[in-house]
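Source file run.pdb; content: PDB, C-alpha atoms.
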```pdb
MODEL        1
ATOM      1  CA  MET A 117      -4.350  -2.154  11.018
ATOM      2  CA  LYS A 118      -5.038  -5.855  11.545
ATOM      3  CA  GLU A 119      -8.403  -5.522   9.771
ATOM      4  CA  ARG A 120      -6.722  -3.701   6.866
ATOM      5  CA  ILE A 121      -4.161  -6.487   6.431
ATOM      6  CA  LYS A 122      -6.943  -9.071   6.589
ATOM      7  CA  ASN A 123      -8.921  -7.214   3.893
ATOM      8  CA  ILE A 124      -5.869  -6.858   1.636
ATOM      9  CA  ALA A 125      -5.005 -10.557   2.048
ATOM     10  CA  GLY A 126      -8.587 -11.529   1.242
ATOM     11  CA  SER A 127      -8.515  -9.330  -1.861
ATOM     12  CA  PHE A 128      -5.219 -10.902  -2.896
ATOM     13  CA  PHE A 129      -6.542 -14.467  -2.742
ATOM     14  CA  ILE A 130      -9.802 -13.583  -4.484
ATOM     15  CA  SER A 131      -7.793 -11.726  -7.160
ATOM     16  CA  VAL A 132      -5.419 -14.644  -7.753
ATOM     17  CA  THR A 133      -8.345 -17.016  -8.220
ATOM     18  CA  LEU A 134     -10.059 -14.679 -10.684
ATOM     19  CA  ILE A 135      -6.758 -13.982 -12.484
ATOM     20  CA  ASN A 136      -6.332 -17.725 -13.050
ATOM     21  CA  LEU A 137      -9.809 -17.826 -14.556
ATOM     22  CA  ALA A 138      -9.080 -14.793 -16.760
ATOM     23  CA  ILE A 139      -5.810 -16.297 -17.989
ATOM     24  CA  LEU A 140      -7.641 -19.490 -18.906
ATOM     25  CA  ILE A 141     -10.402 -17.659 -20.779
ATOM     26  CA  LEU A 142      -8.149 -15.140 -22.543
ATOM     27  CA  GLY A 143      -5.633 -17.827 -23.407
ATOM     28  CA  LYS A 144      -8.290 -20.048 -24.980
ATOM     29  CA  ILE A 145      -9.657 -17.091 -26.977
ATOM     30  CA  LEU A 146      -6.507 -15.206 -28.000
ATOM     31  CA  ARG A 147      -3.794 -17.879 -28.090
ATOM     32  CA  PRO A 148      -5.309 -21.369 -27.975
ATOM     33  CA  GLU A 149      -2.206 -22.977 -29.515
ATOM     34  CA  GLN A 150       0.192 -21.631 -26.877
ATOM     35  CA  GLN A 151       1.479 -24.013 -24.207
ATOM     36  CA  PHE A 152       3.202 -23.187 -20.936
ATOM     37  CA  GLY A 153       5.679 -24.610 -18.472
ATOM     38  CA  TYR A 154       5.348 -24.655 -14.722
ATOM     39  CA  GLU A 155       6.609 -21.064 -14.402
ATOM     40  CA  VAL A 156       3.186 -19.865 -15.554
ATOM     41  CA  PHE A 157       1.803 -20.725 -12.099
ATOM     42  CA  ALA A 158       3.805 -17.807 -10.653
ATOM     43  CA  TYR A 159       2.168 -15.170 -12.848
ATOM     44  CA  PRO A 160      -1.205 -14.984 -11.073
ATOM     45  CA  LEU A 161       0.670 -14.565  -7.786
ATOM     46  CA  ILE A 162       2.815 -11.779  -9.244
ATOM     47  CA  TYR A 163      -0.227 -10.052 -10.771
ATOM     48  CA  GLY A 164      -2.063 -10.419  -7.455
ATOM     49  CA  VAL A 165       0.792  -8.697  -5.620
ATOM     50  CA  ILE A 166       0.915  -5.920  -8.222
ATOM     51  CA  GLY A 167      -2.856  -5.587  -7.867
ATOM     52  CA  ILE A 168      -2.757  -5.000  -4.109
ATOM     53  CA  ILE A 169       0.087  -2.458  -4.184
ATOM     54  CA  PRO A 170      -2.284   0.499  -4.836
ATOM     55  CA  ALA A 171      -4.374  -0.570  -1.818
ATOM     56  CA  LEU A 172      -1.255  -0.301   0.340
ATOM     57  CA  PHE A 173      -0.660   3.304  -0.697
ATOM     58  CA  VAL A 174      -4.172   4.658  -1.237
ATOM     59  CA  ARG A 175      -5.791   4.835   2.172
ATOM     60  CA  SER A 176      -7.704   7.228   4.313
ATOM     61  CA  ASP A 177      -7.764   7.493   8.087
ATOM     62  CA  LYS A 178     -11.094   9.333   8.032
ATOM     63  CA  GLU A 179     -14.473   7.972   7.044
ATOM     64  CA  LEU A 180     -15.124   8.577   3.341
ATOM     65  CA  THR A 181     -18.398   9.620   1.800
ATOM     66  CA  VAL A 182     -19.897   7.262  -0.774
ATOM     67  CA  LYS A 183     -18.717   9.547  -3.581
ATOM     68  CA  GLN A 184     -15.175   9.698  -2.146
ATOM     69  CA  ALA A 185     -15.096   5.911  -1.692
ATOM     70  CA  ILE A 186     -16.168   5.364  -5.306
ATOM     71  CA  ILE A 187     -13.531   7.810  -6.567
ATOM     72  CA  LYS A 188     -10.903   6.065  -4.410
ATOM     73  CA  GLU A 189     -11.865   2.651  -5.831
ATOM     74  CA  ILE A 190     -11.779   3.957  -9.413
ATOM     75  CA  ALA A 191      -8.347   5.514  -8.829
ATOM     76  CA  GLN A 192      -7.044   2.263  -7.332
ATOM     77  CA  MET A 193      -8.503   0.292 -10.226
ATOM     78  CA  MET A 194      -6.856   2.571 -12.802
ATOM     79  CA  MET A 195      -3.491   2.320 -11.014
ATOM     80  CA  THR A 196      -3.855  -1.468 -10.948
ATOM     81  CA  VAL A 197      -4.708  -1.628 -14.669
ATOM     82  CA  VAL A 198      -1.757   0.565 -15.613
ATOM     83  CA  ALA A 199       0.695  -1.283 -13.353
ATOM     84  CA  ILE A 200      -0.236  -4.758 -14.597
ATOM     85  CA  VAL A 201      -0.469  -3.807 -18.289
ATOM     86  CA  VAL A 202       2.912  -2.063 -18.115
ATOM     87  CA  PHE A 203       4.417  -5.055 -16.274
ATOM     88  CA  ILE A 204       3.137  -7.491 -18.900
ATOM     89  CA  PHE A 205       3.782  -5.516 -22.063
ATOM     90  CA  VAL A 206       6.769  -3.254 -21.319
ATOM     91  CA  GLY A 207       9.435  -3.553 -23.980
ATOM     92  CA  GLN A 208       7.210  -5.261 -26.524
ATOM     93  CA  PRO A 209       6.697  -3.629 -29.914
ATOM     94  CA  LEU A 210       3.295  -2.031 -30.455
ATOM     95  CA  THR A 211       1.690  -4.361 -32.950
ATOM     96  CA  ARG A 212      -1.999  -4.872 -33.623
ATOM     97  CA  ASP A 213      -1.852  -8.223 -31.820
ATOM     98  CA  ILE A 214      -0.225  -6.678 -28.734
ATOM     99  CA  LEU A 215      -2.789  -3.847 -28.628
ATOM    100  CA  ILE A 216      -5.680  -6.318 -28.866
ATOM    101  CA  THR A 217      -4.159  -8.500 -26.162
ATOM    102  CA  ALA A 218      -3.391  -5.489 -23.938
ATOM    103  CA  SER A 219      -6.972  -4.243 -24.346
ATOM    104  CA  ALA A 220      -8.355  -7.665 -23.434
ATOM    105  CA  VAL A 221      -6.051  -7.834 -20.408
ATOM    106  CA  ALA A 222      -7.062  -4.314 -19.302
ATOM    107  CA  LEU A 223     -10.747  -5.196 -19.633
ATOM    108  CA  SER A 224     -10.239  -8.412 -17.679
ATOM    109  CA  ILE A 225      -8.432  -6.465 -14.935
ATOM    110  CA  VAL A 226     -11.386  -4.062 -14.671
ATOM    111  CA  ILE A 227     -13.812  -7.000 -14.458
ATOM    112  CA  ILE A 228     -11.649  -8.798 -11.887
ATOM    113  CA  TYR A 229     -11.265  -5.628  -9.827
ATOM    114  CA  CYS A 230     -15.029  -5.035  -9.823
ATOM    115  CA  LEU A 231     -15.661  -8.667  -8.860
ATOM    116  CA  VAL A 232     -13.118  -8.469  -6.013
ATOM    117  CA  VAL A 233     -14.808  -5.319  -4.690
ATOM    118  CA  LEU A 234     -18.257  -6.932  -5.051
ATOM    119  CA  ILE A 235     -17.193 -10.160  -3.331
ATOM    120  CA  GLY A 236     -15.547  -8.165  -0.525
ATOM    121  CA  TRP A 237     -18.690  -6.083  -0.125
ATOM    122  CA  LEU A 238     -20.877  -9.211   0.012
ATOM    123  CA  MET A 239     -18.579 -10.757   2.628
ATOM    124  CA  ASP A 240     -18.698  -7.546   4.690
ATOM    125  CA  LEU A 241     -22.492  -7.480   4.363
ATOM    126  CA  ARG A 242     -22.707 -11.047   5.635
ATOM    127  CA  THR A 243     -20.424 -10.207   8.559
ATOM    128  CA  ALA A 244     -22.518  -7.138   9.377
ATOM    129  CA  ARG A 245     -25.698  -9.220   9.370
ATOM    130  CA  VAL A 246     -24.171 -11.805  11.704
ATOM    131  CA  MET A 247     -22.924  -9.060  14.032
ATOM    132  CA  THR A 248     -26.364  -7.391  14.015
ATOM    133  CA  GLU A 249     -28.061 -10.675  14.886
ATOM    134  CA  ASP A 250     -25.536 -11.305  17.658
ATOM    135  CA  LEU A 251     -26.087  -7.795  19.010
ATOM    136  CA  LYS A 252     -29.884  -8.249  18.959
ATOM    137  CA  ARG A 253     -29.533 -11.573  20.758
ATOM    138  CA  PHE A 254     -27.203 -10.006  23.337
ATOM    139  CA  GLN A 255     -29.637  -7.107  23.908
ATOM    140  CA  GLU A 256     -32.555  -9.514  24.332
ATOM    141  CA  GLU A 257     -30.607 -11.606  26.849
ATOM    142  CA  SER A 258     -29.510  -8.456  28.686
ATOM    143  CA  THR A 259     -33.106  -7.209  28.841
ATOM    144  CA  LYS A 260     -34.302 -10.570  30.175
ATOM    145  CA  ARG A 261     -31.630 -10.512  32.931
ATOM    146  CA  GLU A 262     -32.496  -6.956  33.944
ATOM    147  CA  SER A 263     -36.221  -7.705  34.196
ATOM    148  CA  ALA A 264     -35.660 -10.894  36.216
TER     149      ALA A 264
ENDMDL
END
```
Entire entry expressed as structure tokens:
Amino acid sequence: MKERIKNIAGSFFISVTLINLAILILGKILRPEQQFGYEVFAYPLIYGVIGIIPALFVRSDKELTVKQAIIKEIAQMMMTVVAIVVFIFVGQPLTRDILITASAVALSIVIIYCLVVLIGWLMDLRTARVMTEDLKRFQEESTKRESA
């Protein structure tokens, strides 16, 4: 459970950072004339929380196959896209501008989600390598003690 919370928190902070970057890029492309007040700093945090909600509900106590893990990630990503797009655009009239913006936001969410998964995987890979090296070192030391 502690590891799960740690992973979700890590995903949240990575997501918030990437969301800030996406807002900057999309804002400069789609609405360069728009200016914001300080309240805009809360949005990446809100979107980050919305983005981790599916991870809180979609979980498995058993070990998943690669295919099952991929399907789980795709399902979580789709739930995240829908939740954030609905949160942002609910109640707005369906105009061409809104559809273009919503499409750009959905695409950026998919990219951010994939980057969060990739970064998490790379961090886990690094941790696994360190643990493997530590285990090898421990085994070598244990073998030396036994032979002495």
**OP:** Using the chain letters and residue numbers of this document, give as number ranges by chain the residues selected by the PyMOL selection byres ((chain A and resi 199-206) around 12).
**Re:** A: 135, 159-170, 192-198, 207-211, 213-226
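Atom CA of A:Tyr229 sits 13.2 Å away from atom CA of A:Leu137.
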Original post:
Between atom CA of A:Ile227 and atom CA of A:Ile139, what is the spacing in Å?
Top reply: 12.8 Å
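The coordinates place atom CA of A:Val233 at 13.3 Å from atom CA of A:Ala191.
The closest residue to A:Phe157, picked from A:Met117, A:Val174, A:Ile145, A:Val132 and counting only C-alpha atoms, is A:Val132.
All residues of protein, DNA or RNA that reach within 10 Å of A:Arg120, judged by all atoms listed in the file and not counting those fewer than 3 positions away in the chain, are A:Met117, A:Asn123, A:Ile124, A:Ala125, A:Gly126, A:Ala171, A:Leu172, A:Arg175.
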